[in-house]
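Engineer: The structure is given below, and queries will be raised subsequently.
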Amino acid sequence: MKIQWLGHSSFALEEAGKTILIDPFLSGNPAYPADLKIEERPIDAIVLTHGHGDHIGEAAELAKKNNATVFGIYEIVSYLEGVGVQKLEPMNTGGSVLFGDSIKVTLVNALHSASLIEEGGRALYMGVACGAVITGPTCTLYHAGDTDVFSDMALIQRIWRPDVGLLPIGDRFTMNPDTAALACNEFLDLKAVIPMHFDTFPLLTGKPDAFARQVRRGEVRILKPGEVTEFAR
């Protein structure tokens, strides 16, 4: 599996001949390297962890342009259907959906809020926040979404056995470096972990070096936006 960080919580995956975007927040993302031009690549699927604007991002536009399948909580895909997205896989926590012959998408718990702020400040309910487990032939990846640490991460590890974790460390809205490291050391047993959701905006103060110093289980891979890493079990 090729894993490319697009800044914030956005990633592009290549697995089993498919390109999958997770939380494609691009145009409003100051960490996204514009010269990557992910939006010009063929995209097969989009996985959304929750309904905040910095995670839904360009999901609707990219899905319509590429006829891509969008996986997400029921309320999110219902909203996207209303704006013209056609290929949708409504889901909820604990459920899995097969994509193609060899990739499975599962939504798992996260501790966070989820709403889309409309013009005028009204909050549109977008279902619960989730994490996502993407299981492919070469790797099982756990994108934690925006979340605090919680002890049932141990159940996610026990049931789905992810090899790689993408964990937020930015603080204020998610885990900080200390609690993300605790998640790795106490509840998860990842072979590799990639920190995310930091340095995008000044309010996100958590730093990857502080996280890496505390992780005792798993290799920490600190990526720069646009950088690609590969993993195979």
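Labeling convention for the structure tokens: chains A, B, ... as they appear, residues from 1 per chain, ligands from 1 in order of appearance.
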Please provide as number ranges by chain all residues within 9 Å of A:Leu80, with the sequence filter that same-chain residues fewer than 6 positions apart are discarded (counting only C-alpha atoms).
Structural biologist: A: 59-60, 70, 86, 88
Engineer: Given only C-alpha atoms, how would the per-residue table for stretch 83-149 of chain A near stretch 3-8 of chain A read, listing every residue at most 12 Å away with its closest atom pair and distance in Å to one decimal, sorted by chain and number, as a Markdown table?
Structural biologist:
| residue | atom | partner | partner_atom | distance |
| --- | --- | --- | --- | --- |
| A:Ile134 | CA | A:Ile3 | CA | 11.9 |
| A:Cys139 | CA | A:Ile3 | CA | 10.5 |
| A:Thr140 | CA | A:Ile3 | CA | 11.6 |
| A:Leu141 | CA | A:Ile3 | CA | 9.6 |
| A:Tyr142 | CA | A:Ile3 | CA | 11.9 |
| A:His143 | CA | A:Ile3 | CA | 11.4 |
| A:Gly145 | CA | A:His8 | CA | 10.7 |
| A:Asp146 | CA | A:His8 | CA | 10.5 |
Engineer: Measuring atom to atom with only C-alpha atoms, identify which of A:Ala31, A:Pro202, A:Gly165, A:Asn176 is nearest to A:Gly218.
Structural biologist: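 Selected residue with least distance to A:Gly218: A:Gly165.
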Engineer: Please, which residues of stretch 13-228 of chain A, numbered as in this document, come out alpha helix (DSSP H) from DSSP, as a ChimeraX atom specification?
Structural biologist: /A:53-56,59-66,74-82,153-160,177-182,208-214
Engineer: Write the residues of the selection above to a file with C-alpha atoms, as a compact mmCIF listing (two decimals), in the first residue's frame.
Structural biologist:
# COMPACT_ATOMS: atom_id res chain seq x y z
CA GLY A 53 -15.86 20.89 6.42
CA ASP A 54 -12.14 20.23 6.86
CA HIS A 55 -12.82 16.52 6.25
CA ILE A 56 -15.60 16.47 3.67
CA ALA A 59 -15.56 15.06 -1.72
CA ALA A 60 -18.65 16.00 -3.76
CA GLU A 61 -16.74 17.61 -6.62
CA LEU A 62 -14.16 14.83 -6.85
CA ALA A 63 -16.76 12.07 -6.65
CA LYS A 64 -18.83 13.57 -9.45
CA LYS A 65 -15.81 14.25 -11.64
CA ASN A 66 -14.42 10.71 -11.28
CA TYR A 74 -25.49 7.47 6.56
CA GLU A 75 -26.16 11.17 7.12
CA ILE A 76 -23.11 12.27 5.14
CA VAL A 77 -23.91 10.17 2.09
CA SER A 78 -27.53 11.33 2.24
CA TYR A 79 -26.29 14.91 2.13
CA LEU A 80 -23.96 14.11 -0.79
CA GLU A 81 -26.80 12.43 -2.68
CA GLY A 82 -28.69 15.69 -2.37
CA MET A 153 -9.18 1.40 20.61
CA ALA A 154 -7.96 -1.91 22.02
CA LEU A 155 -11.05 -3.56 20.52
CA ILE A 156 -10.33 -1.97 17.14
CA GLN A 157 -6.85 -3.49 17.32
CA ARG A 158 -8.15 -6.86 18.50
CA ILE A 159 -10.90 -7.17 15.86
CA TRP A 160 -9.36 -5.55 12.78
CA PRO A 177 1.05 14.09 21.40
CA ASP A 178 0.90 12.65 24.92
CA THR A 179 -2.52 11.01 24.58
CA ALA A 180 -1.86 9.82 21.04
CA ALA A 181 1.33 8.14 22.28
CA LEU A 182 -0.66 6.57 25.12
CA PRO A 208 5.23 15.19 15.85
CA ASP A 209 8.61 15.07 17.55
CA ALA A 210 6.94 15.21 20.96
CA PHE A 211 4.72 12.34 19.89
CA ALA A 212 7.55 10.24 18.46
CA ARG A 213 9.65 10.57 21.63
CA GLN A 214 6.95 8.85 23.67
Engineer: Write out as number ranges by chain each polymer residue whose atoms come within 12 Å of A:Gly100, counting only C-alpha atoms; drop sequence neighbours fewer than 6 positions from it.
Structural biologist: A: 15-20, 44-45, 69, 135-137
Engineer: Just the residues within 10 Å of A:Arg172, please, counting only C-alpha atoms, with nothing from its chain fewer than 2 positions along; format it as a ChimeraX atom specification.
Structural biologist: /A:148,169-170,174-176,203-206
Engineer: Could you turn the residues from that selection into a file that holds C-alpha atoms, as a tab-separated table (two decimals), in the first residue's frame?
Structural biologist:
chain	number	residue	atom	x	y	z
A	148	ASP	CA	-9.71	11.68	21.74
A	169	ILE	CA	-1.90	14.77	17.48
A	170	GLY	CA	-2.75	18.46	17.10
A	174	THR	CA	-8.25	15.94	19.01
A	175	MET	CA	-5.66	14.00	20.94
A	176	ASN	CA	-2.39	15.72	21.77
A	203	LEU	CA	-4.59	26.44	16.87
A	204	LEU	CA	-3.16	22.96	16.29
A	205	THR	CA	-0.14	23.09	18.56
A	206	GLY	CA	0.82	19.41	18.94
